[in-house]
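Visitor: The following block contains the structure, expressed as structure tokens.
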Amino acid sequence: MKDLGPLHYFLGVELVSNSDGILLLQRKYINDILLRFDLANSKHVSTPLHSKQDWNSTSSSLLSDPSICRQMVGCIQILHAPDPIFILQASQFLHQPRQSHLQAVKRIYRYLKGTSHLGLQLHRKSSPLLTIYSDSYWAGCTSTTRSTTGFCILLRDNLISWAAKKQPTVARASIEAEYRALTVAATEATWLQYLLRDLGFFLASPIMAKCDNIGAIHLAHNPVFHSRTKHVALDYHFIREKMAQGDLLVSHVHDFLSIS
């Protein structure tokens, strides 16, 4: 064994110490993949995707060699930026990528070029308090009309977990989509709570869950089902049980974290 000194770079992540704690950057990795796909000299853009991007459009031709598009999407799946919803959308069409899909992925790379200096700040002093922010993009997939779940979990001021995933079934109402997103986030937070407990860190208060849908919040607090929500009973009982045990508090947050 040998002491290699303070950690500065590990698995594509650069660690920079500052007065608040540690800043996690991926500048070198981003520059490497830009060079790999000949995009180092491209002009950066301020948004990952065009506002009218249509992933299901068949107007463009199929790629003769889809391996490049697949490699480009694979390289950005380990990044903590951009928003994982864009990577999720790009990953759904890798079986038959089209020219429009390749152009969209290249735009994500151009966005990364202009934001490579941004990182994830981990604060040195932080109390054991878990906060969930969950949201859903109701019927966001134009081909399957399935909704997309998105959430992030903070340990006080530190972002420690985030995800975006298409829901397995079609939600017939926005309340259902939002409630399922809240359930997925609460399940992840419960696992993190057990992990922290095994490491000797005990939460000072119940998990705080923030949701921007009033209907989903009322459903979490009201033990009476109505006709449009009977089929979500499994998720309902999970949230109700966590709230009854005092492990979870659900409250409203304004819609400024929307993943759509």
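By order in the structure tokens, chains are A, B, ...; within a chain, residues start at 1; ligands start at 1, following the order shown.
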Run DSSP on the backbone and give me the residues of segment 87-252 of chain A it puts in strand (DSSP E), as JSON, numbers by chain.
Guide: {"A": [120, 121, 122, 123, 130, 131, 132, 133, 134, 135, 136, 137, 148, 149, 150, 151, 152, 153, 154, 155, 158, 159, 160, 161, 162, 163, 164, 165, 166, 207, 208, 209, 210, 211, 248, 249, 250, 251, 252]}
Visitor: Next, the residues of the selection above should be written as a short mmCIF file (atom, residue, chain, number, x, y, z; two decimals), in the first residue's frame with N, CA and C atoms.
Guide:
```cif
data_model
loop_
_atom_site.label_atom_id
_atom_site.label_comp_id
_atom_site.auth_asym_id
_atom_site.auth_seq_id
_atom_site.Cartn_x
_atom_site.Cartn_y
_atom_site.Cartn_z
N LEU A 120 -20.69 19.97 -9.48
CA LEU A 120 -21.57 19.62 -8.36
C LEU A 120 -20.84 19.91 -7.06
N GLN A 121 -21.37 20.86 -6.29
CA GLN A 121 -20.72 21.26 -5.04
C GLN A 121 -21.20 20.37 -3.89
N LEU A 122 -20.23 19.79 -3.19
CA LEU A 122 -20.51 19.02 -1.98
C LEU A 122 -20.01 19.81 -0.79
N HIS A 123 -20.92 20.17 0.11
CA HIS A 123 -20.58 21.01 1.25
C HIS A 123 -20.01 20.17 2.39
N LEU A 130 -32.78 14.63 4.72
CA LEU A 130 -33.07 14.24 3.34
C LEU A 130 -34.29 15.01 2.83
N THR A 131 -34.15 15.57 1.62
CA THR A 131 -35.25 16.28 0.97
C THR A 131 -35.43 15.76 -0.44
N ILE A 132 -36.67 15.45 -0.80
CA ILE A 132 -37.01 14.93 -2.12
C ILE A 132 -37.71 16.01 -2.94
N TYR A 133 -37.31 16.14 -4.20
CA TYR A 133 -38.05 16.96 -5.16
C TYR A 133 -38.43 16.03 -6.31
N SER A 134 -39.74 15.82 -6.48
CA SER A 134 -40.20 14.91 -7.53
C SER A 134 -41.10 15.64 -8.50
N ASP A 135 -41.11 15.15 -9.74
CA ASP A 135 -41.94 15.74 -10.79
C ASP A 135 -42.18 14.68 -11.85
N SER A 136 -43.13 14.95 -12.72
CA SER A 136 -43.39 14.03 -13.83
C SER A 136 -43.79 14.82 -15.06
N TYR A 137 -43.46 14.27 -16.20
CA TYR A 137 -43.84 14.84 -17.49
C TYR A 137 -44.97 13.96 -18.01
N THR A 148 -43.01 10.50 -17.81
CA THR A 148 -41.62 10.38 -17.38
C THR A 148 -41.49 10.82 -15.94
N THR A 149 -40.88 9.98 -15.13
CA THR A 149 -40.61 10.30 -13.73
C THR A 149 -39.26 10.97 -13.60
N GLY A 150 -39.21 12.02 -12.81
CA GLY A 150 -37.95 12.69 -12.51
C GLY A 150 -37.90 13.07 -11.05
N PHE A 151 -36.74 12.89 -10.43
CA PHE A 151 -36.60 13.28 -9.04
C PHE A 151 -35.14 13.57 -8.72
N CYS A 152 -34.94 14.33 -7.65
CA CYS A 152 -33.60 14.52 -7.10
C CYS A 152 -33.72 14.51 -5.58
N ILE A 153 -32.68 14.02 -4.93
CA ILE A 153 -32.66 13.89 -3.47
C ILE A 153 -31.44 14.62 -2.93
N LEU A 154 -31.66 15.48 -1.96
CA LEU A 154 -30.59 16.26 -1.36
C LEU A 154 -30.38 15.84 0.09
N LEU A 155 -29.11 15.70 0.47
CA LEU A 155 -28.73 15.52 1.87
C LEU A 155 -28.34 16.90 2.37
N ASN A 158 -26.57 19.04 -0.26
CA ASN A 158 -25.79 18.23 -1.19
C ASN A 158 -26.70 17.33 -2.03
N LEU A 159 -26.60 17.46 -3.35
CA LEU A 159 -27.34 16.59 -4.25
C LEU A 159 -26.64 15.23 -4.31
N ILE A 160 -27.32 14.17 -3.88
CA ILE A 160 -26.68 12.86 -3.79
C ILE A 160 -27.34 11.81 -4.68
N SER A 161 -28.54 12.08 -5.19
CA SER A 161 -29.20 11.09 -6.05
C SER A 161 -30.18 11.80 -6.95
N TRP A 162 -30.23 11.36 -8.22
CA TRP A 162 -31.18 11.92 -9.17
C TRP A 162 -31.42 10.91 -10.28
N ALA A 163 -32.57 11.01 -10.92
CA ALA A 163 -32.89 10.05 -11.97
C ALA A 163 -34.04 10.57 -12.82
N ALA A 164 -34.11 10.06 -14.04
CA ALA A 164 -35.24 10.29 -14.94
C ALA A 164 -35.54 8.96 -15.62
N LYS A 165 -36.79 8.54 -15.57
CA LYS A 165 -37.14 7.22 -16.10
C LYS A 165 -38.58 7.23 -16.62
N LYS A 166 -38.79 6.57 -17.74
CA LYS A 166 -40.14 6.45 -18.29
C LYS A 166 -40.95 5.50 -17.42
N ILE A 207 -38.11 12.45 6.39
CA ILE A 207 -37.78 12.82 5.01
C ILE A 207 -38.81 13.84 4.51
N MET A 208 -38.33 14.92 3.92
CA MET A 208 -39.21 15.94 3.38
C MET A 208 -39.40 15.69 1.89
N ALA A 209 -40.66 15.54 1.46
CA ALA A 209 -40.98 15.31 0.06
C ALA A 209 -41.69 16.53 -0.51
N LYS A 210 -41.14 17.09 -1.60
CA LYS A 210 -41.69 18.28 -2.24
C LYS A 210 -42.28 17.89 -3.59
N CYS A 211 -43.54 18.26 -3.80
CA CYS A 211 -44.24 17.93 -5.03
C CYS A 211 -45.01 19.16 -5.49
N LEU A 248 -42.02 10.25 6.65
CA LEU A 248 -42.14 11.04 5.42
C LEU A 248 -43.16 12.15 5.62
N LEU A 249 -42.78 13.36 5.20
CA LEU A 249 -43.68 14.51 5.20
C LEU A 249 -43.79 15.02 3.77
N VAL A 250 -45.00 15.17 3.26
CA VAL A 250 -45.24 15.60 1.90
C VAL A 250 -45.81 17.01 1.91
N SER A 251 -45.22 17.91 1.12
CA SER A 251 -45.69 19.29 1.06
C SER A 251 -45.56 19.81 -0.37
N HIS A 252 -46.14 20.97 -0.61
CA HIS A 252 -46.19 21.54 -1.94
C HIS A 252 -45.00 22.43 -2.21
#
```
Visitor: Taking only segment 169-216 of chain A into account, list the residues labelled alpha helix (DSSP H) by DSSP (computed from the backbone), as a ChimeraX atom specification.
Guide: /A:174-198,214-216
Visitor: Rounded to one decimal in Å, what is the spacing between atom CA of His254 of chain A and atom CA of Asp212 of chain A?
Guide: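 Calculated distance between atom CA of His254 of chain A and atom CA of Asp212 of chain A is 5.6 Å.
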Visitor: Write out as JSON, numbers by chain the residues lying within 9 Å of segment 99-112 of chain A, counting only C-alpha atoms and excluding same-chain residues fewer than 6 positions away.
Guide: {"A": [30, 33, 34, 39, 40, 42, 43, 44, 45, 46, 47, 48, 49, 50, 53, 54, 55, 57, 58, 59, 60, 61, 62, 63, 66, 68, 69, 72, 73, 76, 81, 82, 86, 87, 90, 93]}
Visitor: With a distance cut-off of 10 Å and only C-alpha atoms, select the neighbouring residues of segment 193-201 of chain A, excluding the residue or stretch itself and same-chain residues fewer than 5 positions from it, and output the selection as a list in words.
Guide: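 Everything that qualifies: Ser127, Pro128, Leu129, Leu130, Thr187, Glu188, Pro206, Ile207 and Asp247 of chain A.
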